[in-house]
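Okay, target.cif is below, mmCIF, C-alpha atoms:
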data_work
#
loop_
_atom_site.label_atom_id
_atom_site.label_comp_id
_atom_site.auth_asym_id
_atom_site.auth_seq_id
_atom_site.Cartn_x
_atom_site.Cartn_y
_atom_site.Cartn_z
CA MET V 1 15.20 140.75 53.39
CA LEU V 2 12.36 139.84 50.99
CA GLN V 3 14.26 141.38 48.10
CA ALA V 4 17.36 139.37 48.99
CA VAL V 5 15.30 136.15 49.12
CA GLY V 6 13.81 136.99 45.70
CA GLY V 7 17.24 137.35 44.20
CA ARG V 8 18.56 134.18 45.78
CA SER V 9 15.61 132.00 44.67
CA VAL V 10 16.39 132.54 40.98
CA GLN V 11 19.88 131.19 41.43
CA ALA V 12 18.59 128.25 43.53
CA THR V 13 16.15 127.15 40.76
CA ARG V 14 18.93 127.36 38.19
CA LEU V 15 21.08 125.04 40.34
CA LEU V 16 18.27 122.52 40.95
CA ALA V 17 17.41 122.31 37.24
CA GLY V 18 20.21 120.15 35.86
CA ARG V 19 21.58 118.26 38.88
CA ARG V 20 22.48 114.91 37.35
CA ALA V 21 22.53 116.11 33.75
CA VAL V 22 25.51 118.43 34.28
CA LEU V 23 28.75 116.73 33.39
CA VAL V 24 32.05 118.19 34.44
CA GLU V 25 34.57 118.08 31.62
CA ALA V 26 37.56 115.80 32.00
CA VAL V 27 40.33 118.11 33.22
CA ARG V 28 43.60 116.19 32.95
CA GLY V 29 45.33 118.30 35.67
CA ARG V 30 48.67 116.63 36.31
CA LYS V 31 48.54 114.24 33.30
CA SER V 32 49.12 115.23 29.65
CA ARG V 33 46.67 114.49 26.79
CA THR V 34 48.71 111.44 25.63
CA ASP V 35 48.60 109.69 29.05
CA THR V 36 46.02 106.88 29.37
CA VAL V 37 43.25 107.06 31.94
CA ALA V 38 44.15 105.13 35.10
CA LYS V 39 42.70 101.57 35.48
CA SER V 40 40.83 102.50 38.65
CA LYS V 41 39.30 105.52 36.95
CA GLN V 42 37.99 103.75 33.80
CA GLY V 43 34.33 104.62 33.22
CA ARG V 44 34.27 107.18 35.98
CA ILE V 45 31.86 110.03 35.49
CA LYS V 46 32.80 113.12 37.41
CA VAL V 47 29.88 114.85 38.98
CA PRO V 48 30.09 118.05 41.04
CA PRO V 49 29.24 117.74 44.75
CA PRO V 50 25.52 118.00 45.60
CA VAL V 51 24.24 121.41 46.64
CA ASP V 52 21.57 121.96 49.25
CA PRO V 53 19.46 124.94 48.07
CA THR V 54 18.50 126.30 51.49
CA GLU V 55 22.06 125.99 52.70
CA MET V 56 23.19 127.68 49.49
CA VAL V 57 20.87 130.60 50.01
CA VAL V 58 21.88 131.09 53.59
CA LEU V 59 25.56 130.76 52.77
CA LYS V 60 25.33 133.18 49.90
CA GLU V 61 23.73 135.79 52.14
CA ARG V 62 26.29 135.36 54.80
CA TYR V 63 29.17 135.40 52.38
CA ALA V 64 27.90 138.58 50.77
CA GLU V 65 27.74 140.31 54.14
CA TYR V 66 31.17 139.00 55.15
CA GLU V 67 32.81 140.06 51.93
CA MET V 68 31.24 143.48 52.16
CA ILE V 69 32.65 143.97 55.63
CA THR V 70 36.14 142.75 54.73
CA ARG V 71 36.21 144.89 51.61
CA ALA V 72 35.18 147.92 53.63
CA LEU V 73 37.91 147.27 56.20
CA ARG V 74 40.50 146.77 53.52
CA LEU V 75 39.61 150.04 51.82
CA GLU V 76 39.62 151.81 55.19
CA PHE V 77 43.13 150.69 55.91
CA LYS V 78 44.32 151.61 52.44
CA GLU V 79 42.85 155.04 52.84
CA GLU V 80 44.51 155.45 56.23
CA VAL V 81 47.91 154.61 54.79
CA LEU V 82 47.44 157.02 51.90
CA ARG V 83 46.29 159.75 54.23
CA LYS V 84 49.29 159.26 56.47
CA LYS V 85 51.60 159.48 53.50
CA TYR V 86 49.89 162.63 52.29
CA GLU V 87 50.10 164.20 55.73
CA GLU V 88 53.75 163.29 55.93
CA GLU V 89 54.57 165.06 52.68
CA THR V 90 52.21 168.01 52.41
CA GLY V 91 50.63 168.40 55.83
CA SER V 92 50.76 171.30 58.26
CA MET V 93 53.34 169.51 60.41
CA ALA V 94 55.57 168.96 57.41
CA GLU V 95 55.79 172.65 56.63
CA GLU V 96 56.49 173.48 60.25
CA ARG V 97 59.17 170.84 60.37
CA SER V 98 60.81 171.98 57.15
CA ARG V 99 60.82 175.57 58.39
CA GLN V 100 62.41 174.51 61.64
CA GLU V 101 65.00 172.49 59.80
CA ALA V 102 65.86 175.43 57.60
CA GLU V 103 66.27 177.58 60.71
CA GLU V 104 68.54 175.06 62.35
CA HIS V 105 70.54 174.73 59.17
CA ARG V 106 71.05 178.47 59.02
CA ALA V 107 72.15 178.56 62.64
CA LEU V 108 74.64 175.74 62.09
CA MET V 109 75.99 177.43 58.98
CA ALA V 110 76.47 180.63 60.96
CA PHE V 111 78.35 178.67 63.62
CA ASN V 112 80.51 177.11 60.94
CA ASP V 113 81.22 180.51 59.42
CA GLN V 114 82.29 181.82 62.80
CA GLU V 115 84.63 178.92 63.23
CA ASN V 116 86.09 179.52 59.79
CA LEU V 117 86.57 183.19 60.61
CA ARG V 118 88.38 182.34 63.80
CA LEU V 119 90.71 180.01 61.95
CA LEU V 120 91.22 182.63 59.27
CA GLN V 121 92.32 185.18 61.84
CA ARG V 122 94.68 182.68 63.38
CA ARG V 123 96.09 181.93 59.98
CA VAL V 124 96.56 185.61 59.12
CA LEU V 125 98.42 186.15 62.38
CA ARG V 126 100.58 183.15 61.76
CA ILE V 127 101.46 184.27 58.24
CA GLN V 128 102.30 187.73 59.51
CA MET V 129 104.56 186.32 62.18
CA GLU V 130 106.24 184.07 59.68
CA LYS V 131 106.82 187.02 57.35
CA GLU V 132 108.35 189.09 60.14
CA GLU V 133 110.50 186.17 61.15
CA ALA V 134 111.74 185.78 57.58
CA GLU V 135 112.54 189.49 57.32
CA ARG V 136 114.41 189.43 60.56
CA LYS V 137 116.39 186.44 59.44
CA GLN V 138 117.19 188.19 56.18
CA VAL V 139 118.51 191.27 57.97
CA GLU V 140 120.54 189.12 60.32
CA ALA V 141 122.02 187.22 57.42
CA VAL V 142 123.07 190.41 55.74
CA LEU V 143 124.70 191.64 58.95
CA GLN V 144 126.42 188.34 59.40
CA ARG V 145 127.85 188.46 55.94
CA GLU V 146 129.06 192.02 56.51
CA GLU V 147 130.78 190.95 59.69
CA GLN V 148 132.41 188.03 57.99
CA GLN V 149 133.75 190.25 55.28
CA GLN V 150 135.16 192.66 57.83
CA GLU V 151 136.83 189.78 59.69
CA PHE V 152 138.36 188.57 56.47
CA ILE V 153 139.77 191.97 55.66
CA LYS V 154 141.20 192.32 59.16
CA GLU V 155 142.80 188.91 58.99
CA LYS V 156 144.42 189.75 55.72
CA GLU V 157 145.75 193.04 57.11
CA ARG V 158 147.23 191.25 60.10
CA GLU V 159 149.02 188.83 57.85
CA ILE V 160 150.47 191.69 55.81
CA LEU V 161 151.76 193.39 58.93
CA LYS V 162 153.30 190.16 60.17
CA LEU V 163 154.99 189.66 56.86
CA GLN V 164 156.35 193.18 56.99
CA GLU V 165 157.71 192.46 60.44
CA ASP V 166 159.34 189.29 59.28
CA ALA V 167 160.81 190.98 56.26
CA LYS V 168 163.14 192.88 58.60
CA ASN V 169 164.80 189.61 59.63
CA PHE V 170 165.24 188.21 56.16
CA ILE V 171 168.63 187.24 54.89
CA THR V 172 169.55 189.38 51.85
CA LEU V 173 172.63 189.53 49.72
CA GLU V 174 174.09 192.32 51.84
CA ASN V 175 173.48 190.50 55.15
CA LEU V 176 174.65 187.16 53.85
CA ASP V 177 178.26 187.34 54.99
CA GLN V 178 177.32 188.93 58.31
CA ARG V 179 174.68 186.32 59.06
CA ILE V 180 177.02 183.43 58.18
CA GLU V 181 179.56 184.82 60.57
CA GLU V 182 176.97 185.16 63.33
CA ALA V 183 175.69 181.61 62.80
CA LEU V 184 179.19 180.13 62.93
CA ASP V 185 180.02 182.12 66.05
CA SER V 186 177.06 180.93 68.11
CA PRO V 187 176.66 177.15 67.95
CA LYS V 188 173.18 176.06 69.01
CA ASN V 189 172.63 172.85 70.96
CA TYR V 190 169.35 171.15 70.08
CA ASN V 191 169.88 168.09 72.39
CA PHE V 192 167.84 167.63 75.51
CA ALA V 193 167.21 164.97 78.08
CA ILE V 194 163.94 163.83 79.67
CA ASP V 195 163.39 161.73 82.77
CA LYS V 196 160.53 159.47 83.76
CA GLU V 197 158.55 162.26 85.39
CA GLY V 198 158.57 164.24 82.17
CA ARG V 199 160.96 166.97 83.25
CA VAL V 200 162.89 168.32 80.32
CA VAL V 201 166.60 169.07 80.77
CA LYS V 202 168.11 171.35 78.11
CA GLN V 203 171.54 171.69 79.68
CA THR V 204 173.49 168.95 77.95
CA MET V 205 177.01 168.74 76.75
CA LEU V 206 177.61 169.85 73.16
CA GLN V 207 179.91 167.56 71.24
CA MET F 1 97.94 136.64 55.91
CA PRO F 2 94.85 138.05 57.68
CA MET F 3 96.16 141.56 58.56
CA LYS F 4 96.89 144.10 55.82
CA GLY F 5 98.12 147.66 56.15
CA ARG F 6 99.36 149.80 59.02
CA PHE F 7 96.22 149.86 61.17
CA PRO F 8 94.26 146.78 60.06
CA ILE F 9 91.62 147.51 62.70
CA ARG F 10 90.22 150.06 60.24
CA ARG F 11 89.12 147.18 58.07
CA THR F 12 87.05 145.41 60.75
CA LEU F 13 83.26 145.56 60.68
CA GLU F 14 83.13 146.46 64.35
CA TYR F 15 85.25 149.56 63.81
CA LEU F 16 83.21 150.64 60.80
CA GLN F 17 79.91 150.19 62.60
CA LYS F 18 81.21 152.34 65.47
CA GLY F 19 81.29 155.36 63.16
CA ASP F 20 78.76 157.90 64.41
CA ILE F 21 78.60 160.45 61.60
CA VAL F 22 75.45 159.94 59.51
CA PHE F 23 74.93 162.89 57.18
CA LYS F 24 71.59 164.51 56.43
CA ASN F 25 69.95 163.44 53.20
CA ARG F 26 70.72 166.78 51.61
CA VAL F 27 74.50 166.24 51.61
CA LYS F 28 75.51 164.62 48.34
CA ILE F 29 79.24 165.15 47.81
CA MET F 30 82.13 165.54 50.23
CA THR F 31 85.51 166.82 49.06
CA VAL F 32 88.65 166.68 51.19
CA ASN F 33 91.67 168.81 50.27
CA TYR F 34 94.76 168.06 52.33
CA ASN F 35 98.56 167.93 52.17
CA THR F 36 100.74 164.90 52.60
CA SER F 37 103.39 166.79 54.62
CA GLY F 38 103.36 169.61 57.12
CA GLU F 39 102.36 170.09 60.73
CA LEU F 40 99.11 171.97 59.97
CA SER F 41 97.73 169.18 57.80
CA ASP F 42 98.37 166.54 60.44
CA GLY F 43 94.83 166.53 61.82
CA ALA F 44 93.43 166.37 58.30
CA ARG F 45 95.63 163.42 57.41
CA LYS F 46 94.52 161.52 60.52
CA PHE F 47 90.88 162.36 59.76
CA VAL F 48 91.24 160.92 56.28
CA PHE F 49 93.10 157.87 57.56
CA PHE F 50 90.79 156.97 60.46
CA ASN F 51 87.38 158.52 59.96
CA ILE F 52 86.70 158.46 56.23
CA PRO F 53 86.14 154.67 56.11
CA GLN F 54 83.61 154.96 58.91
CA ILE F 55 81.82 157.82 57.16
CA GLN F 56 81.63 155.98 53.85
CA TYR F 57 80.33 152.85 55.60
CA LYS F 58 77.52 154.79 57.23
CA ASN F 59 76.74 156.92 54.16
CA GLN F 60 76.94 154.46 51.32
CA TRP F 61 75.45 156.86 48.77
CA LEU F 62 77.69 159.82 49.60
CA GLN F 63 80.40 160.61 47.05
CA ILE F 64 83.74 161.33 48.75
CA MET F 65 86.72 162.73 46.85
CA MET F 66 90.24 163.35 48.14
CA PHE F 67 92.66 165.89 46.68
CA LYS F 68 96.29 165.94 47.80
CA ASN F 69 98.74 168.85 47.76
CA MET F 70 96.55 171.23 45.80
CA THR F 71 96.20 174.05 48.33
CA PRO F 72 98.48 175.31 51.10
CA SER F 73 95.89 174.76 53.83
CA PRO F 74 93.55 171.77 54.33
CA PHE F 75 89.75 172.06 54.17
CA LEU F 76 86.54 170.10 53.62
CA LYS F 77 83.80 171.09 51.21
CA PHE F 78 80.27 169.71 51.22
CA TYR F 79 77.93 170.05 48.26
CA LEU F 80 74.24 169.91 49.19
CA ASP F 81 71.49 168.99 46.78
CA ASP F 82 70.15 172.54 46.46
CA GLY F 83 73.52 173.77 45.19
CA GLU F 84 74.75 175.12 48.51
CA GLN F 85 78.41 174.59 49.31
CA VAL F 86 79.66 174.37 52.89
CA LEU F 87 83.33 175.07 53.55
CA VAL F 88 84.97 173.72 56.70
CA ASP F 89 88.51 174.83 57.52
CA MET F 90 90.71 172.08 59.00
CA GLU F 91 93.95 173.94 59.54
CA GLY F 92 95.77 173.03 62.72
CA LYS F 93 92.79 171.15 64.18
CA ASP F 94 92.85 167.72 65.78
CA TYR F 95 91.08 164.90 63.89
CA LYS F 96 88.65 164.32 66.75
CA GLN F 97 87.71 167.99 66.78
CA ILE F 98 87.15 167.91 63.05
CA SER F 99 84.81 164.93 63.25
CA LEU F 100 82.84 166.47 66.13
CA HIS F 101 82.49 169.75 64.26
CA VAL F 102 81.34 168.03 61.07
CA LYS F 103 78.86 165.91 62.99
CA LYS F 104 77.44 169.01 64.62
CA ILE F 105 76.88 171.02 61.46
CA LEU F 106 75.78 168.42 58.93
CA GLY F 107 75.16 165.16 60.75
CA LYS F 108 71.83 163.67 61.81
CA SER F 109 71.23 164.21 65.50
CA GLU F 110 70.91 161.38 68.00
CA GLU F 111 67.10 161.73 68.31
CA VAL F 112 66.60 161.58 64.59
CA LEU F 113 68.78 158.47 64.32
CA GLN F 114 66.91 156.77 67.13
CA ALA F 115 63.53 157.65 65.63
CA GLU F 116 64.65 156.17 62.33
CA ALA F 117 65.84 152.99 64.02
CA GLN F 118 62.48 152.69 65.80
CA ALA F 119 60.56 153.15 62.57
CA LYS F 120 62.67 150.50 60.89
CA MET F 121 62.05 148.07 63.76
CA GLN F 122 58.31 148.69 63.62
CA ALA F 123 58.18 148.19 59.89
CA SER F 124 59.97 144.86 60.04
CA ASN F 125 58.19 142.70 62.63
CA PRO F 126 60.06 139.40 63.06
CA ALA F 127 56.79 137.65 63.93
CA ASN F 128 55.53 138.07 60.37
CA PHE F 129 55.80 135.22 57.88
CA GLY F 130 55.85 135.98 54.18
CA PRO F 131 57.99 136.65 51.09
CA ARG F 132 61.70 137.06 51.74
CA LYS F 133 61.59 140.63 50.56
CA TYR F 134 59.35 141.73 53.43
CA CYS F 135 59.75 139.19 56.22
CA LEU F 136 62.43 137.11 57.89
CA ARG F 137 60.87 133.68 57.32
CA GLU F 138 58.37 132.18 54.95
CA CYS F 139 57.19 129.14 56.89
CA ILE F 140 57.40 127.83 60.45
CA CYS F 141 59.29 124.81 59.18
CA GLU F 142 62.36 127.06 58.72
CA VAL F 143 62.68 127.66 62.47
CA GLU F 144 65.02 125.52 64.55
CA GLY F 145 63.19 123.00 66.72
CA GLN F 146 59.95 122.99 64.72
CA VAL F 147 58.51 120.20 62.57
CA PRO F 148 60.64 120.00 59.39
CA CYS F 149 59.13 120.76 55.99
CA PRO F 150 57.03 117.84 54.73
CA GLY F 151 58.39 118.68 51.27
CA THR F 152 61.86 117.44 52.31
CA THR F 153 61.08 114.74 54.91
CA PRO F 154 57.74 112.89 55.04
CA LEU F 155 55.69 113.50 58.18
CA PRO F 156 55.15 110.59 60.61
CA LYS F 157 51.94 108.67 59.84
CA GLU F 158 50.13 109.93 62.94
CA MET F 159 50.37 113.57 61.79
CA THR F 160 48.96 113.12 58.28
CA GLY F 161 45.38 114.15 57.54
CA LYS F 162 44.75 110.87 55.70
CA HIS F 163 45.53 108.80 58.79
CA ARG F 164 43.55 111.05 61.07
CA THR F 165 40.43 110.87 58.94
CA ARG F 166 40.72 107.10 58.70
CA MET F 167 41.01 106.84 62.49
CA ALA F 168 38.06 109.18 62.95
CA ALA F 169 36.00 107.16 60.48
CA ALA F 170 36.92 103.89 62.25
CA ALA F 171 35.98 105.39 65.64
CA ALA F 172 32.69 106.72 64.25
CA GLN F 173 31.89 103.29 62.78
CA GLU F 174 32.30 101.70 66.21
#
Structure encoded using structure tokens:
Amino acid sequence: MLQAVGGRSVQATRLLAGRRAVLVEAVRGRKSRTDTVAKSKQGRIKVPPPVDPTEMVVLKERYAEYEMITRALRLEFKEEVLRKKYEEETGSMAEERSRQEAEEHRALMAFNDQENLRLLQRRVLRIQMEKEEAERKQVEAVLQREEQQQEFIKEKEREILKLQEDAKNFITLENLDQRIEEALDSPKNYNFAIDKEGRVVKQTMLQ
Amino acid sequence: MPMKGRFPIRRTLEYLQKGDIVFKNRVKIMTVNYNTSGELSDGARKFVFFNIPQIQYKNQWLQIMMFKNMTPSPFLKFYLDDGEQVLVDMEGKDYKQISLHVKKILGKSEEVLQAEAQAKMQASNPANFGPRKYCLRECICEVEGQVPCPGTTPLPKEMTGKHRTRMAAAAAQE
């Protein structure tokens, strides 16, 4: 306490020395150097506010203590924040957490791989089935074409036979006279009658 | 002309905010390979159509690329920041199943999301006044129903310090 008083007294004497002699320079503040001094301020001499030495001493002590405390608190808080950050990044919990995360990641990747495998198997089955289906269709198509060809051939054969049959009834140069005679001998009546009920009557008189 | 496109609801903020897939910080790139026709790619197409906007909204820094008709079967590929690639097969799946699966393997879990939201709330206390960068408001005069800023409208005489000191001086004199 005595040491503190010793230090403070030097400053107090320095303050008391030039009380009225000290002149504060004219600080223009808001006005520029070309602006005139206001009428109400002509001849004004600015003097700093009076200082009570005992009050000054007491205040200085108290302020020193107060500032020390606030500075200490401030540094404490800063340190706490830094420590938290450090713990977050390179603490024991962080390693544990990262290890756990890696584990979980591996497990999830394994699950994903399983899922992919399952889908792969489904896909392989599907492709196989599609291939078999295509082969079957191919074989069927070939058979179908074979059948169609056979049908065609048969149809053609039938036509040939029919033509052969018809050829027997053709009119040739030898039969010509005979057939003319036959045609003239048997007159054919193409007339017919039909009534309102739709009954056809083919027995009509030939004229 | 307020509504554009086939399902304009995809463009609303409400729909985008409803997206629940938030990827882990390690996922950097997402690639979607799908086909524009075919039954098997149907789920993939719906996923791209409905869920990709939500994912991009929630993961603004994730790069998403779409490739069409490059492979016979659709799939997703994720590229993590340590070089690992994660392949997810999408063939024949429904778009809801795909999004659930993706959320399970690479999305942030509910607890993590909630913890993050809590931390964000704690960091930004609305009761603090200060620079815009850190706080909601800078001065009480900005709040509705409070005394307006004396910089814009002059305060009534009774509230100024000048008047108060004069009154106090007058009272002391008496």
Practice task
Would you kindly report the residues of chain F within 7 Å of chain V, using only C-alpha atoms, as a list of chain:residue names?
Solution key: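 Putting it all together, I get F:Val88, F:Asp89, F:Ile105.
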Practice task
Run the PyMOL selection byres ((chain F and resi 48) around 12) mentally over the shown coordinates, then write out the matched residues as an MDAnalysis selection string, using the chain letters and numbers from the document.
Solution key: chainID F and resid 10 30:36 41:47 49:56 64:68 74:76 90 94:96 98:99
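With all atoms listed in the file as the atoms that count, the residue of F:Lys18, F:Arg137, F:Arg11, F:Lys24 with the shortest distance to Val102 of chain F is F:Lys24.
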Handout entry: Nearest to Val112 of chain F by atom-to-atom distance, counting all atoms listed in the file, from F:Gln146, F:Gly5, F:Met167, F:Val22
Key =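 For Val112 of chain F, the nearest of the candidates is F:Val22.
Take the PyMOL selection byres ((chain V and resi 188) around 12) and apply it to this file: it picks Glu182, Ala183, Leu184, Asp185, Ser186, Pro187, Asn189, Tyr190, Asn191, Phe192, Lys202, Gln203, Thr204, Met205, Leu206 and Gln207 of chain V.
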Fill in the blank from the handout: Between V:Ala72, V:Glu101, V:Lys168, V:Glu135, smallest distance to Arg26 of chain F by all atoms listed in the file belongs to V:Glu101
Atoms kept (N, CA, C and O atoms) for segment 53-74 of chain V, as a PDB file, in the first residue's frame:
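Dumped everything to decode20.pdb:
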ATOM      1  N   PRO V  53      -6.326  16.179  -6.301  1.00  0.00           N
ATOM      2  CA  PRO V  53      -5.236  15.193  -6.203  1.00  0.00           C
ATOM      3  C   PRO V  53      -5.614  13.961  -5.400  1.00  0.00           C
ATOM      4  O   PRO V  53      -5.340  12.837  -5.817  1.00  0.00           O
ATOM      5  N   THR V  54      -6.275  14.147  -4.256  1.00  0.00           N
ATOM      6  CA  THR V  54      -6.613  12.956  -3.457  1.00  0.00           C
ATOM      7  C   THR V  54      -7.576  12.067  -4.213  1.00  0.00           C
ATOM      8  O   THR V  54      -7.420  10.835  -4.262  1.00  0.00           O
ATOM      9  N   GLU V  55      -8.569  12.739  -4.829  1.00  0.00           N
ATOM     10  CA  GLU V  55      -9.533  11.961  -5.625  1.00  0.00           C
ATOM     11  C   GLU V  55      -8.814  11.220  -6.732  1.00  0.00           C
ATOM     12  O   GLU V  55      -9.081  10.038  -6.985  1.00  0.00           O
ATOM     13  N   MET V  56      -7.849  11.928  -7.363  1.00  0.00           N
ATOM     14  CA  MET V  56      -7.089  11.326  -8.459  1.00  0.00           C
ATOM     15  C   MET V  56      -6.360  10.079  -7.994  1.00  0.00           C
ATOM     16  O   MET V  56      -6.390   9.042  -8.638  1.00  0.00           O
ATOM     17  N   VAL V  57      -5.727  10.201  -6.862  1.00  0.00           N
ATOM     18  CA  VAL V  57      -4.957   9.056  -6.339  1.00  0.00           C
ATOM     19  C   VAL V  57      -5.874   7.864  -6.109  1.00  0.00           C
ATOM     20  O   VAL V  57      -5.627   6.750  -6.577  1.00  0.00           O
ATOM     21  N   VAL V  58      -6.958   8.157  -5.409  1.00  0.00           N
ATOM     22  CA  VAL V  58      -7.894   7.076  -5.073  1.00  0.00           C
ATOM     23  C   VAL V  58      -8.442   6.445  -6.347  1.00  0.00           C
ATOM     24  O   VAL V  58      -8.489   5.222  -6.500  1.00  0.00           O
ATOM     25  N   LEU V  59      -8.846   7.319  -7.289  1.00  0.00           N
ATOM     26  CA  LEU V  59      -9.413   6.809  -8.532  1.00  0.00           C
ATOM     27  C   LEU V  59      -8.404   5.961  -9.285  1.00  0.00           C
ATOM     28  O   LEU V  59      -8.752   4.889  -9.800  1.00  0.00           O
ATOM     29  N   LYS V  60      -7.167   6.462  -9.331  1.00  0.00           N
ATOM     30  CA  LYS V  60      -6.162   5.708 -10.084  1.00  0.00           C
ATOM     31  C   LYS V  60      -5.972   4.319  -9.504  1.00  0.00           C
ATOM     32  O   LYS V  60      -5.921   3.334 -10.224  1.00  0.00           O
ATOM     33  N   GLU V  61      -5.959   4.247  -8.170  1.00  0.00           N
ATOM     34  CA  GLU V  61      -5.800   2.921  -7.530  1.00  0.00           C
ATOM     35  C   GLU V  61      -6.928   1.999  -7.939  1.00  0.00           C
ATOM     36  O   GLU V  61      -6.735   0.867  -8.358  1.00  0.00           O
ATOM     37  N   ARG V  62      -8.126   2.587  -7.782  1.00  0.00           N
ATOM     38  CA  ARG V  62      -9.292   1.747  -8.036  1.00  0.00           C
ATOM     39  C   ARG V  62      -9.355   1.300  -9.495  1.00  0.00           C
ATOM     40  O   ARG V  62      -9.658   0.142  -9.792  1.00  0.00           O
ATOM     41  N   TYR V  63      -9.040   2.246 -10.378  1.00  0.00           N
ATOM     42  CA  TYR V  63      -9.066   1.907 -11.791  1.00  0.00           C
ATOM     43  C   TYR V  63      -8.048   0.824 -12.121  1.00  0.00           C
ATOM     44  O   TYR V  63      -8.298  -0.088 -12.900  1.00  0.00           O
ATOM     45  N   ALA V  64      -6.879   0.941 -11.516  1.00  0.00           N
ATOM     46  CA  ALA V  64      -5.846  -0.077 -11.776  1.00  0.00           C
ATOM     47  C   ALA V  64      -6.356  -1.450 -11.385  1.00  0.00           C
ATOM     48  O   ALA V  64      -6.252  -2.427 -12.161  1.00  0.00           O
ATOM     49  N   GLU V  65      -6.952  -1.537 -10.190  1.00  0.00           N
ATOM     50  CA  GLU V  65      -7.469  -2.824  -9.714  1.00  0.00           C
ATOM     51  C   GLU V  65      -8.552  -3.346 -10.671  1.00  0.00           C
ATOM     52  O   GLU V  65      -8.535  -4.507 -11.110  1.00  0.00           O
ATOM     53  N   TYR V  66      -9.492  -2.430 -10.998  1.00  0.00           N
ATOM     54  CA  TYR V  66     -10.605  -2.807 -11.873  1.00  0.00           C
ATOM     55  C   TYR V  66     -10.103  -3.295 -13.215  1.00  0.00           C
ATOM     56  O   TYR V  66     -10.520  -4.351 -13.717  1.00  0.00           O
ATOM     57  N   GLU V  67      -9.174  -2.574 -13.782  1.00  0.00           N
ATOM     58  CA  GLU V  67      -8.685  -2.989 -15.109  1.00  0.00           C
ATOM     59  C   GLU V  67      -7.955  -4.313 -15.038  1.00  0.00           C
ATOM     60  O   GLU V  67      -8.067  -5.139 -15.943  1.00  0.00           O
ATOM     61  N   MET V  68      -7.235  -4.505 -13.936  1.00  0.00           N
ATOM     62  CA  MET V  68      -6.539  -5.785 -13.784  1.00  0.00           C
ATOM     63  C   MET V  68      -7.537  -6.936 -13.773  1.00  0.00           C
ATOM     64  O   MET V  68      -7.371  -7.937 -14.465  1.00  0.00           O
ATOM     65  N   ILE V  69      -8.607  -6.741 -13.013  1.00  0.00           N
ATOM     66  CA  ILE V  69      -9.605  -7.814 -12.897  1.00  0.00           C
ATOM     67  C   ILE V  69     -10.250  -8.082 -14.253  1.00  0.00           C
ATOM     68  O   ILE V  69     -10.382  -9.233 -14.685  1.00  0.00           O
ATOM     69  N   THR V  70     -10.663  -7.009 -14.955  1.00  0.00           N
ATOM     70  CA  THR V  70     -11.350  -7.215 -16.234  1.00  0.00           C
ATOM     71  C   THR V  70     -10.412  -7.850 -17.252  1.00  0.00           C
ATOM     72  O   THR V  70     -10.812  -8.703 -18.036  1.00  0.00           O
ATOM     73  N   ARG V  71      -9.150  -7.446 -17.229  1.00  0.00           N
ATOM     74  CA  ARG V  71      -8.202  -8.029 -18.159  1.00  0.00           C
ATOM     75  C   ARG V  71      -8.040  -9.521 -17.894  1.00  0.00           C
ATOM     76  O   ARG V  71      -8.013 -10.350 -18.811  1.00  0.00           O
ATOM     77  N   ALA V  72      -7.954  -9.845 -16.587  1.00  0.00           N
ATOM     78  CA  ALA V  72      -7.802 -11.254 -16.215  1.00  0.00           C
ATOM     79  C   ALA V  72      -9.008 -12.057 -16.688  1.00  0.00           C
ATOM     80  O   ALA V  72      -8.865 -13.135 -17.287  1.00  0.00           O
ATOM     81  N   LEU V  73     -10.207 -11.513 -16.475  1.00  0.00           N
ATOM     82  CA  LEU V  73     -11.421 -12.234 -16.905  1.00  0.00           C
ATOM     83  C   LEU V  73     -11.420 -12.440 -18.412  1.00  0.00           C
ATOM     84  O   LEU V  73     -11.693 -13.536 -18.915  1.00  0.00           O
ATOM     85  N   ARG V  74     -11.093 -11.361 -19.114  1.00  0.00           N
ATOM     86  CA  ARG V  74     -11.085 -11.428 -20.567  1.00  0.00           C
ATOM     87  C   ARG V  74     -10.143 -12.535 -21.047  1.00  0.00           C
ATOM     88  O   ARG V  74     -10.480 -13.359 -21.903  1.00  0.00           O
TER      89      ARG V  74
END
